[in-house]
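**Q** Let me begin by handing over the structure; questions about it come next.
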Amino acid sequence: MIIVRSPLRVSFFGGGTDHPTWLNTGEPGAVLSTTIDKYIYVQLRRLPAVFDFNYRVAWGMLEEVQTLNEIQHPVVREVLKHYASTEETGYEVIYNADLPSKSGLGSSSAFTVSLLHAFLGNKEKLSSKHALAKEAIFVEQQLLKETVGYQDQIAAAHGGFNRIDFGSDGEYQIRPVQVTAARRTELESSMMMFFTGFTRSADAVEKKKVAKFADRTSELRAIYDMVDQGERILRDQGRPVAEFGELLHHAWMAKRSLDDSVSNPMIDERYEGAIKAGALGGKLLGAGGGGFLLMYVPQARREAVIASMKGMTYVPLQMERGGSQVVLYNPELTSNYLAATARVSR
């Protein structure tokens, strides 16, 4: 048995410029993001030969099926079809998470990274963080044909507070943001995250935004430039960290301009209420349309901002550095594995 956890992420600046559609135009792409102390967990083991099914997958539903093609969870189905040999059968995959999925924190990619890490680790194959990120990108973009960029898989695999630069060939460079401990603590303590109460399909929102990329060149260039601006604010000890929060406001305005589906009247109302209560800026995380709203709030205004967010749940967070990690590995369970010749047939 193996259990892997991979962190969720908060993307500050640059979202959208990590998408292949944008990068294939020859434009540069980069993001400034951090992983947080909220995780996706995947438990995987080979099933013992005592059940009347070959695969058990527990997520928002419980699946107990005989063939791979019957598995409804798309990532589990495609990963096992692509990476497991034709003679392998009898897998159990159990999903758990600290926060709701489809909420703008990169949970889908964190799950893909965790599943790959668990599957390969259970075969005693060591994978670098770079390899995990690349394989997760392959699964989502090529096997699943999803409208996704590169940043979420890389963040989940590597962890940390980083600047990530992307190339049109799918390669990337990741560099930790150089910031003093005091300024990092100030940034961390000023971040407040609120759950809007509803989730959304990132793929549906992303498709609408991507379809308009050709008409949004100036906006996407501005979003890319904010990665440099945000990094400079944090590295320059002569500038107040609060400027980072103010830049978040400009990033949110630029993101909203990409498509009407990015926000809605309720989110706009809560955002404006938080600004009036003392927040300096913020943004809806992920593709948009729902999920978590991140606000930059000075310490003295935290209670007022919480009061302004009626109907939303405040979720404390901290940055994390570990990335995808194995938290339990027990190879002694191999004695219970289902032999290939013992598979259940219809």
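By order in the structure tokens, chains are A, B, ...; within a chain, residues start at 1; ligands start at 1, following the order shown.
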With only C-alpha atoms as the counted atoms, please give the residues lying no more than 12 Å from Glu303 (chain A), apart from itself and same-chain residues fewer than 2 positions off, as a list in words.
**A**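 Surrounding residues, per the criterion: Met192, Ala274, Ala277, Gly278, Ala279, Val297, Pro298, Gln299, Ala300, Arg301, Val305, Ile306, Ala307, Ser308, Met309 and Tyr314 of chain A.
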**Q** Would you pick out the contacts of region 67-70 of chain A at 9 Å or less, using only C-alpha atoms, so that residues sharing its chain but fewer than 6 positions from it are not included, and give the list as an mmCIF file with all heavy atoms, in the first residue's frame?
**A**
```
data_model
loop_
_atom_site.group_PDB
_atom_site.id
_atom_site.type_symbol
_atom_site.label_atom_id
_atom_site.label_comp_id
_atom_site.auth_asym_id
_atom_site.auth_seq_id
_atom_site.Cartn_x
_atom_site.Cartn_y
_atom_site.Cartn_z
ATOM 1 N N PHE A 53 -14.891 -8.146 -7.963
ATOM 2 C CA PHE A 53 -14.581 -7.051 -8.892
ATOM 3 C C PHE A 53 -13.072 -6.904 -8.944
ATOM 4 O O PHE A 53 -12.357 -7.368 -8.049
ATOM 5 C CB PHE A 53 -15.245 -5.743 -8.444
ATOM 6 C CG PHE A 53 -15.006 -5.394 -7.006
ATOM 7 C CD1 PHE A 53 -13.850 -4.723 -6.617
ATOM 8 C CD2 PHE A 53 -15.921 -5.748 -6.020
ATOM 9 C CE1 PHE A 53 -13.608 -4.406 -5.293
ATOM 10 C CE2 PHE A 53 -15.683 -5.437 -4.687
ATOM 11 C CZ PHE A 53 -14.532 -4.768 -4.315
ATOM 12 N N ASN A 54 -12.585 -6.255 -10.003
ATOM 13 C CA ASN A 54 -11.142 -6.084 -10.174
ATOM 14 C C ASN A 54 -10.628 -4.708 -9.771
ATOM 15 O O ASN A 54 -9.440 -4.553 -9.498
ATOM 16 C CB ASN A 54 -10.754 -6.339 -11.634
ATOM 17 C CG ASN A 54 -10.845 -7.804 -11.999
ATOM 18 O OD1 ASN A 54 -10.514 -8.671 -11.188
ATOM 19 N ND2 ASN A 54 -11.308 -8.103 -13.206
ATOM 20 N N TYR A 55 -11.529 -3.707 -9.766
ATOM 21 C CA TYR A 55 -11.104 -2.335 -9.478
ATOM 22 C C TYR A 55 -12.096 -1.682 -8.519
ATOM 23 O O TYR A 55 -13.317 -1.765 -8.704
ATOM 24 C CB TYR A 55 -11.019 -1.507 -10.764
ATOM 25 C CG TYR A 55 -10.081 -2.084 -11.789
ATOM 26 C CD1 TYR A 55 -10.562 -2.897 -12.810
ATOM 27 C CD2 TYR A 55 -8.710 -1.837 -11.724
ATOM 28 C CE1 TYR A 55 -9.702 -3.456 -13.747
ATOM 29 C CE2 TYR A 55 -7.848 -2.385 -12.651
ATOM 30 C CZ TYR A 55 -8.348 -3.199 -13.662
ATOM 31 O OH TYR A 55 -7.496 -3.748 -14.581
ATOM 32 N N VAL A 76 -8.157 8.175 -13.275
ATOM 33 C CA VAL A 76 -7.826 6.816 -12.847
ATOM 34 C C VAL A 76 -7.889 5.867 -14.038
ATOM 35 O O VAL A 76 -6.973 5.053 -14.259
ATOM 36 C CB VAL A 76 -8.780 6.344 -11.726
ATOM 37 C CG1 VAL A 76 -8.477 4.888 -11.361
ATOM 38 C CG2 VAL A 76 -8.648 7.233 -10.500
ATOM 39 N N ARG A 77 -8.959 5.966 -14.814
ATOM 40 C CA ARG A 77 -9.118 5.069 -15.975
ATOM 41 C C ARG A 77 -7.953 5.208 -16.952
ATOM 42 O O ARG A 77 -7.342 4.215 -17.355
ATOM 43 C CB ARG A 77 -10.439 5.378 -16.677
ATOM 44 C CG ARG A 77 -10.723 4.467 -17.874
ATOM 45 C CD ARG A 77 -12.019 4.861 -18.570
ATOM 46 N NE ARG A 77 -11.932 6.192 -19.167
ATOM 47 C CZ ARG A 77 -12.659 7.231 -18.774
ATOM 48 N NH1 ARG A 77 -13.521 7.105 -17.774
ATOM 49 N NH2 ARG A 77 -12.524 8.405 -19.371
ATOM 50 N N GLU A 78 -7.630 6.439 -17.329
ATOM 51 C CA GLU A 78 -6.605 6.642 -18.356
ATOM 52 C C GLU A 78 -5.196 6.354 -17.844
ATOM 53 O O GLU A 78 -4.355 5.855 -18.595
ATOM 54 C CB GLU A 78 -6.696 8.061 -18.917
ATOM 55 C CG GLU A 78 -8.008 8.350 -19.641
ATOM 56 C CD GLU A 78 -8.310 7.340 -20.734
ATOM 57 O OE1 GLU A 78 -7.375 6.967 -21.482
ATOM 58 O OE2 GLU A 78 -9.473 6.919 -20.848
ATOM 59 N N LEU A 80 -4.361 4.103 -15.514
ATOM 60 C CA LEU A 80 -4.196 2.650 -15.450
ATOM 61 C C LEU A 80 -4.133 2.036 -16.844
ATOM 62 O O LEU A 80 -3.346 1.109 -17.090
ATOM 63 C CB LEU A 80 -5.333 2.031 -14.636
ATOM 64 C CG LEU A 80 -5.347 2.349 -13.137
ATOM 65 C CD1 LEU A 80 -6.506 1.644 -12.448
ATOM 66 C CD2 LEU A 80 -4.028 1.957 -12.480
ATOM 67 N N LYS A 81 -4.921 2.556 -17.782
ATOM 68 C CA LYS A 81 -4.892 2.027 -19.145
ATOM 69 C C LYS A 81 -3.537 2.278 -19.804
ATOM 70 O O LYS A 81 -3.028 1.429 -20.539
ATOM 71 C CB LYS A 81 -6.010 2.654 -19.990
ATOM 72 C CG LYS A 81 -7.398 2.123 -19.667
ATOM 73 C CD LYS A 81 -8.475 2.877 -20.419
ATOM 74 C CE LYS A 81 -8.412 2.643 -21.908
ATOM 75 N NZ LYS A 81 -9.556 3.283 -22.611
ATOM 76 N N THR A 89 -4.096 -6.326 -13.127
ATOM 77 C CA THR A 89 -5.467 -6.014 -12.748
ATOM 78 C C THR A 89 -5.525 -6.007 -11.229
ATOM 79 O O THR A 89 -4.572 -6.397 -10.559
ATOM 80 C CB THR A 89 -6.463 -7.038 -13.336
ATOM 81 O OG1 THR A 89 -7.795 -6.613 -13.024
ATOM 82 C CG2 THR A 89 -6.244 -8.416 -12.755
ATOM 83 N N SER A 345 -13.602 -12.477 -14.257
ATOM 84 C CA SER A 345 -14.139 -12.326 -15.610
ATOM 85 C C SER A 345 -15.654 -12.305 -15.558
ATOM 86 O O SER A 345 -16.272 -12.786 -14.607
ATOM 87 C CB SER A 345 -13.668 -13.475 -16.500
ATOM 88 O OG SER A 345 -14.073 -14.711 -15.958
#
```
**Q** Which residues, written as JSON, numbers by chain, have at least one atom at most 10 Å from Val139 (chain A), with only C-alpha atoms counted and residues fewer than 3 positions away on the same chain left out?
**A** {"A": [75, 78, 79, 82, 109, 112, 113, 116, 133, 134, 135, 136, 142, 143, 144, 145, 146]}
**Q** Just write the chosen residues, N, CA and C atoms, as an mmCIF file, in the first residue's frame.
**A**
```cif
data_model
loop_
_atom_site.group_PDB
_atom_site.id
_atom_site.type_symbol
_atom_site.label_atom_id
_atom_site.label_comp_id
_atom_site.auth_asym_id
_atom_site.auth_seq_id
_atom_site.Cartn_x
_atom_site.Cartn_y
_atom_site.Cartn_z
ATOM 1 N N VAL A 75 -9.295 10.256 -14.828
ATOM 2 C CA VAL A 75 -7.851 10.202 -14.590
ATOM 3 C C VAL A 75 -7.422 8.792 -14.195
ATOM 4 N N GLU A 78 -7.630 6.439 -17.329
ATOM 5 C CA GLU A 78 -6.605 6.642 -18.356
ATOM 6 C C GLU A 78 -5.196 6.354 -17.844
ATOM 7 N N VAL A 79 -4.915 6.667 -16.583
ATOM 8 C CA VAL A 79 -3.590 6.357 -16.036
ATOM 9 C C VAL A 79 -3.367 4.847 -15.995
ATOM 10 N N HIS A 82 -2.940 3.435 -19.525
ATOM 11 C CA HIS A 82 -1.700 3.798 -20.206
ATOM 12 C C HIS A 82 -0.460 3.228 -19.519
ATOM 13 N N SER A 109 -5.116 18.667 -11.010
ATOM 14 C CA SER A 109 -3.720 18.330 -11.313
ATOM 15 C C SER A 109 -3.020 17.737 -10.099
ATOM 16 N N THR A 112 -3.881 14.162 -10.222
ATOM 17 C CA THR A 112 -3.135 13.457 -11.260
ATOM 18 C C THR A 112 -1.709 13.192 -10.820
ATOM 19 N N VAL A 113 -1.055 14.208 -10.248
ATOM 20 C CA VAL A 113 0.315 14.039 -9.749
ATOM 21 C C VAL A 113 0.357 12.975 -8.654
ATOM 22 N N LEU A 116 -0.150 9.378 -10.155
ATOM 23 C CA LEU A 116 1.067 8.936 -10.849
ATOM 24 C C LEU A 116 2.176 8.600 -9.854
ATOM 25 N N ALA A 133 5.782 16.056 -12.899
ATOM 26 C CA ALA A 133 5.078 17.176 -13.523
ATOM 27 C C ALA A 133 4.866 16.923 -15.008
ATOM 28 N N LYS A 134 5.906 16.468 -15.699
ATOM 29 C CA LYS A 134 5.802 16.228 -17.138
ATOM 30 C C LYS A 134 4.805 15.114 -17.451
ATOM 31 N N GLU A 135 4.806 14.055 -16.665
ATOM 32 C CA GLU A 135 3.872 12.969 -16.902
ATOM 33 C C GLU A 135 2.428 13.416 -16.637
ATOM 34 N N ALA A 136 2.235 14.236 -15.593
ATOM 35 C CA ALA A 136 0.887 14.734 -15.300
ATOM 36 C C ALA A 136 0.379 15.630 -16.427
ATOM 37 N N GLN A 142 -2.747 15.250 -23.225
ATOM 38 C CA GLN A 142 -2.737 14.313 -24.339
ATOM 39 C C GLN A 142 -3.732 13.165 -24.163
ATOM 40 N N LEU A 143 -3.738 12.532 -23.002
ATOM 41 C CA LEU A 143 -4.651 11.406 -22.809
ATOM 42 C C LEU A 143 -6.089 11.868 -22.594
ATOM 43 N N LEU A 144 -6.270 12.917 -21.779
ATOM 44 C CA LEU A 144 -7.615 13.391 -21.458
ATOM 45 C C LEU A 144 -8.095 14.514 -22.370
ATOM 46 N N LYS A 145 -7.170 15.128 -23.118
ATOM 47 C CA LYS A 145 -7.514 16.209 -24.046
ATOM 48 C C LYS A 145 -8.208 17.370 -23.331
ATOM 49 N N GLU A 146 -7.718 17.692 -22.127
ATOM 50 C CA GLU A 146 -8.322 18.787 -21.366
ATOM 51 C C GLU A 146 -7.706 20.135 -21.759
#
```
**Q** Can you list every residue in region 85-186 of chain A that DSSP puts in strand (DSSP E), as a list in words?
**A**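 Residues of region 85-186 of chain A classed as strand (DSSP E): Tyr91, Glu92, Val93, Ile94, Tyr95, Asn96, Ala97, Phe161, Asn162, Arg163, Ile164, Asp165, Phe166, Tyr172, Gln173, Ile174, Arg175 and Pro176 of chain A.
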**Q** Under the rule of at most 9 Å, produce a per-residue listing of region 125-157 of chain A near region 18-30 of chain A: chain, number, name, the closest pair of atoms, and the distance in Å, as JSON lines, using only C-alpha atoms.
**A**
```
{"residue": "A:Thr147", "atom": "CA", "partner": "A:His19", "partner_atom": "CA", "distance": 8.3}
{"residue": "A:Val148", "atom": "CA", "partner": "A:His19", "partner_atom": "CA", "distance": 6.5}
{"residue": "A:Gly149", "atom": "CA", "partner": "A:His19", "partner_atom": "CA", "distance": 4.0}
{"residue": "A:Tyr150", "atom": "CA", "partner": "A:Asp18", "partner_atom": "CA", "distance": 5.6}
{"residue": "A:Gln151", "atom": "CA", "partner": "A:Asp18", "partner_atom": "CA", "distance": 6.3}
```
**Q** How would the residues just picked look written out with all heavy atoms as a PDB file, in the first residue's frame?
**A**
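After the write, part.pdb holds the following:
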```pdb
ATOM      1  N   THR A 147      -8.508  21.185 -21.591  1.00  0.00           N
ATOM      2  CA  THR A 147      -8.045  22.541 -21.909  1.00  0.00           C
ATOM      3  C   THR A 147      -7.344  23.106 -20.682  1.00  0.00           C
ATOM      4  O   THR A 147      -7.884  23.922 -19.946  1.00  0.00           O
ATOM      5  CB  THR A 147      -9.241  23.433 -22.316  1.00  0.00           C
ATOM      6  OG1 THR A 147     -10.017  22.761 -23.307  1.00  0.00           O
ATOM      7  CG2 THR A 147      -8.757  24.764 -22.884  1.00  0.00           C
ATOM      8  N   VAL A 148      -6.122  22.643 -20.467  1.00  0.00           N
ATOM      9  CA  VAL A 148      -5.384  23.054 -19.271  1.00  0.00           C
ATOM     10  C   VAL A 148      -4.009  23.579 -19.656  1.00  0.00           C
ATOM     11  O   VAL A 148      -3.470  23.250 -20.714  1.00  0.00           O
ATOM     12  CB  VAL A 148      -5.222  21.881 -18.275  1.00  0.00           C
ATOM     13  CG1 VAL A 148      -6.574  21.423 -17.762  1.00  0.00           C
ATOM     14  CG2 VAL A 148      -4.473  20.716 -18.924  1.00  0.00           C
ATOM     15  N   GLY A 149      -3.443  24.374 -18.768  1.00  0.00           N
ATOM     16  CA  GLY A 149      -2.094  24.869 -18.950  1.00  0.00           C
ATOM     17  C   GLY A 149      -1.087  23.958 -18.287  1.00  0.00           C
ATOM     18  O   GLY A 149      -1.341  22.772 -18.067  1.00  0.00           O
ATOM     19  N   TYR A 150       0.063  24.549 -17.927  1.00  0.00           N
ATOM     20  CA  TYR A 150       1.167  23.785 -17.350  1.00  0.00           C
ATOM     21  C   TYR A 150       1.381  24.037 -15.856  1.00  0.00           C
ATOM     22  O   TYR A 150       2.061  23.249 -15.194  1.00  0.00           O
ATOM     23  CB  TYR A 150       2.474  24.141 -18.075  1.00  0.00           C
ATOM     24  CG  TYR A 150       2.497  23.815 -19.546  1.00  0.00           C
ATOM     25  CD1 TYR A 150       2.520  24.824 -20.510  1.00  0.00           C
ATOM     26  CD2 TYR A 150       2.533  22.502 -19.987  1.00  0.00           C
ATOM     27  CE1 TYR A 150       2.573  24.533 -21.859  1.00  0.00           C
ATOM     28  CE2 TYR A 150       2.583  22.194 -21.342  1.00  0.00           C
ATOM     29  CZ  TYR A 150       2.604  23.213 -22.283  1.00  0.00           C
ATOM     30  OH  TYR A 150       2.651  22.913 -23.624  1.00  0.00           O
ATOM     31  N   GLN A 151       0.850  25.132 -15.326  1.00  0.00           N
ATOM     32  CA  GLN A 151       1.297  25.549 -14.001  1.00  0.00           C
ATOM     33  C   GLN A 151       0.861  24.631 -12.868  1.00  0.00           C
ATOM     34  O   GLN A 151       1.618  24.403 -11.912  1.00  0.00           O
ATOM     35  CB  GLN A 151       0.835  26.981 -13.708  1.00  0.00           C
ATOM     36  CG  GLN A 151      -0.665  27.170 -13.570  1.00  0.00           C
ATOM     37  CD  GLN A 151      -1.011  28.465 -12.832  1.00  0.00           C
ATOM     38  OE1 GLN A 151      -0.447  28.762 -11.793  1.00  0.00           O
ATOM     39  NE2 GLN A 151      -1.930  29.230 -13.401  1.00  0.00           N
TER      40      GLN A 151
END
```
**Q** Give me the residues within 7 Å of region 222-229 of chain A as a list in words, counting only C-alpha atoms and dropping any in the same chain fewer than 6 places off.
**A**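 Here the qualifying residues turn out to be Phe13, Gly14, Thr17, Gly29, Ala30, Val31, Leu32, Ala251 and Ala254 of chain A.
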**Q** Export, as an mmCIF file, in the first residue's frame, the selected residues with N, CA and C atoms.
**A**
```cif
data_model
loop_
_atom_site.group_PDB
_atom_site.id
_atom_site.type_symbol
_atom_site.label_atom_id
_atom_site.label_comp_id
_atom_site.auth_asym_id
_atom_site.auth_seq_id
_atom_site.Cartn_x
_atom_site.Cartn_y
_atom_site.Cartn_z
ATOM 1 N N PHE A 13 -0.083 35.634 -10.023
ATOM 2 C CA PHE A 13 -0.002 36.381 -11.278
ATOM 3 C C PHE A 13 0.409 35.459 -12.423
ATOM 4 N N GLY A 14 -0.039 35.805 -13.618
ATOM 5 C CA GLY A 14 0.413 35.114 -14.820
ATOM 6 C C GLY A 14 -0.507 34.044 -15.349
ATOM 7 N N THR A 17 -1.151 32.680 -19.209
ATOM 8 C CA THR A 17 0.035 32.700 -20.065
ATOM 9 C C THR A 17 0.784 31.368 -20.016
ATOM 10 N N GLY A 29 5.503 33.158 -21.363
ATOM 11 C CA GLY A 29 4.542 32.831 -20.319
ATOM 12 C C GLY A 29 5.239 32.578 -19.002
ATOM 13 N N ALA A 30 4.608 32.978 -17.910
ATOM 14 C CA ALA A 30 5.176 32.753 -16.576
ATOM 15 C C ALA A 30 4.080 32.924 -15.542
ATOM 16 N N VAL A 31 4.254 32.314 -14.376
ATOM 17 C CA VAL A 31 3.351 32.523 -13.247
ATOM 18 C C VAL A 31 4.158 32.713 -11.981
ATOM 19 N N LEU A 32 3.534 33.377 -11.027
ATOM 20 C CA LEU A 32 4.061 33.495 -9.668
ATOM 21 C C LEU A 32 3.030 32.812 -8.781
ATOM 22 N N ALA A 251 -4.487 42.612 -11.212
ATOM 23 C CA ALA A 251 -4.503 41.304 -11.858
ATOM 24 C C ALA A 251 -5.934 40.783 -11.994
ATOM 25 N N ALA A 254 -7.701 42.550 -14.797
ATOM 26 C CA ALA A 254 -7.255 42.036 -16.097
ATOM 27 C C ALA A 254 -7.854 40.663 -16.375
#
```
**Q** If you measure from CA of Glu219 (chain A) to CA of Glu272 (chain A), what distance in Å do you get, rounded to one decimal?
**A**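 These atoms are spaced 21.7 Å apart.
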**Q** Residues of region 272-307 of chain A classed as alpha helix (DSSP H) by DSSP on the backbone are to be reported as a ChimeraX atom specification.
**A** /A:272-276,302-307
**Q** Grab the residues selected above and save them as a compact mmCIF listing (two decimals), in the first residue's frame with all heavy atoms.
**A**
```
# COMPACT_ATOMS: atom_id res chain seq x y z
N GLU A 272 -16.11 43.71 -3.82
CA GLU A 272 -16.21 45.15 -3.55
C GLU A 272 -16.43 45.42 -2.08
O GLU A 272 -15.89 46.39 -1.51
CB GLU A 272 -17.34 45.76 -4.38
CG GLU A 272 -17.06 45.79 -5.88
CD GLU A 272 -15.80 46.57 -6.22
OE1 GLU A 272 -15.53 47.60 -5.56
OE2 GLU A 272 -15.07 46.15 -7.14
N GLY A 273 -17.20 44.55 -1.43
CA GLY A 273 -17.43 44.70 0.01
C GLY A 273 -16.15 44.53 0.81
O GLY A 273 -15.90 45.26 1.78
N ALA A 274 -15.32 43.58 0.39
CA ALA A 274 -14.04 43.36 1.07
C ALA A 274 -13.11 44.55 0.88
O ALA A 274 -12.40 44.95 1.81
CB ALA A 274 -13.38 42.07 0.55
N ILE A 275 -13.10 45.12 -0.32
CA ILE A 275 -12.27 46.30 -0.58
C ILE A 275 -12.71 47.47 0.31
O ILE A 275 -11.89 48.16 0.92
CB ILE A 275 -12.33 46.69 -2.07
CG1 ILE A 275 -11.70 45.61 -2.95
CG2 ILE A 275 -11.64 48.03 -2.30
CD1 ILE A 275 -10.23 45.38 -2.74
N LYS A 276 -14.00 47.68 0.41
CA LYS A 276 -14.52 48.75 1.25
C LYS A 276 -14.19 48.51 2.72
O LYS A 276 -14.02 49.45 3.50
CB LYS A 276 -16.03 48.88 1.07
CG LYS A 276 -16.43 49.42 -0.30
CD LYS A 276 -17.94 49.48 -0.43
CE LYS A 276 -18.35 50.01 -1.81
NZ LYS A 276 -19.84 50.03 -2.00
N ARG A 302 -8.69 42.61 9.23
CA ARG A 302 -9.12 41.23 9.01
C ARG A 302 -10.55 40.97 9.50
O ARG A 302 -11.36 40.36 8.79
CB ARG A 302 -8.15 40.26 9.70
CG ARG A 302 -6.78 40.23 9.04
CD ARG A 302 -5.79 39.40 9.85
NE ARG A 302 -6.14 37.98 9.86
CZ ARG A 302 -5.73 37.12 8.92
NH1 ARG A 302 -5.00 37.51 7.91
NH2 ARG A 302 -6.07 35.84 9.00
N GLU A 303 -10.88 41.42 10.69
CA GLU A 303 -12.22 41.16 11.22
C GLU A 303 -13.29 41.85 10.38
O GLU A 303 -14.37 41.30 10.13
CB GLU A 303 -12.31 41.61 12.68
CG GLU A 303 -11.46 40.78 13.63
CD GLU A 303 -11.82 39.31 13.59
OE1 GLU A 303 -13.03 38.99 13.50
OE2 GLU A 303 -10.90 38.47 13.64
N ALA A 304 -13.00 43.05 9.93
CA ALA A 304 -13.95 43.79 9.10
C ALA A 304 -14.17 43.08 7.77
O ALA A 304 -15.30 43.01 7.26
CB ALA A 304 -13.46 45.22 8.86
N VAL A 305 -13.11 42.56 7.20
CA VAL A 305 -13.24 41.84 5.93
C VAL A 305 -14.03 40.55 6.12
O VAL A 305 -14.90 40.21 5.30
CB VAL A 305 -11.86 41.57 5.32
CG1 VAL A 305 -11.96 40.60 4.15
CG2 VAL A 305 -11.21 42.87 4.87
N ILE A 306 -13.76 39.82 7.18
CA ILE A 306 -14.53 38.59 7.45
C ILE A 306 -16.01 38.92 7.58
O ILE A 306 -16.88 38.22 7.04
CB ILE A 306 -14.01 37.90 8.73
CG1 ILE A 306 -12.62 37.30 8.48
CG2 ILE A 306 -14.97 36.81 9.18
CD1 ILE A 306 -11.96 36.70 9.70
N ALA A 307 -16.33 40.00 8.26
CA ALA A 307 -17.73 40.41 8.43
C ALA A 307 -18.37 40.78 7.10
O ALA A 307 -19.58 40.59 6.92
CB ALA A 307 -17.81 41.58 9.40
```
**Q** For Ser324 (chain A), work out the shell of residues within 12 Å, counting only C-alpha atoms and skipping chain neighbours fewer than 6 positions away, then give it as a ChimeraX atom specification.
**A** /A:3-9,35-42,109-118,121,127-133,153-160
**Q** Would you kindly return, as a PDB file with C-alpha atoms, in the first residue's frame, each protein, DNA or RNA residue with an atom no farther than 7 Å from any atom of Ile2 (chain A), considering only C-alpha atoms and excluding same-chain residues fewer than 5 positions away?
**A**
```
ATOM      1  CA  GLN A  43      -4.171   5.758  -1.419  1.00  0.00           C
ATOM      2  CA  LEU A  44      -3.337   2.933  -3.833  1.00  0.00           C
ATOM      3  CA  ARG A  45      -2.888  -0.795  -3.424  1.00  0.00           C
ATOM      4  CA  ALA A 118       1.470   6.467  -6.028  1.00  0.00           C
ATOM      5  CA  ASN A 122       4.071   1.184  -5.753  1.00  0.00           C
ATOM      6  CA  LEU A 328       3.059   5.886   3.767  1.00  0.00           C
ATOM      7  CA  TYR A 329       4.650   3.002   1.911  1.00  0.00           C
ATOM      8  CA  ASN A 330       4.148  -0.592   3.034  1.00  0.00           C
TER       9      ASN A 330
END
```
**Q** Counting only C-alpha atoms, figure out which residue out of A:Gln141, A:Trp59, A:Lys310, A:Gly16 gets nearest to Phe166 (chain A).
**A** A:Gly16
**Q** Nearest residue to Asp98 (chain A) out of A:Leu280, A:Leu317, A:Val327, A:Leu47, using only C-alpha atoms?
**A**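 The shortest atom-to-atom distance to Asp98 (chain A) comes from A:Leu317.
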**Q** Please identify all polymer residues within 9 Å of Gly286 (chain A), counting only C-alpha atoms, omitting same-chain residues fewer than 3 positions from it, and present them as an MDAnalysis selection string.
**A** chainID A and resid 10:11 15 102:106 202 289:292
**Q** Find, counting only C-alpha atoms, the residue in A:Tyr172, A:Phe213, A:Phe12, A:Phe161 that gets nearest to Met295 (chain A).
**A**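 Looking at the shortest contact to Met295 (chain A), the residue is A:Phe12.
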**Q** Any idea what the distance is between CA of Ile94 (chain A) and CA of Leu293 (chain A)?
**A**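 So the two atoms, CA of Ile94 (chain A) and CA of Leu293 (chain A), lie 28.2 Å apart.
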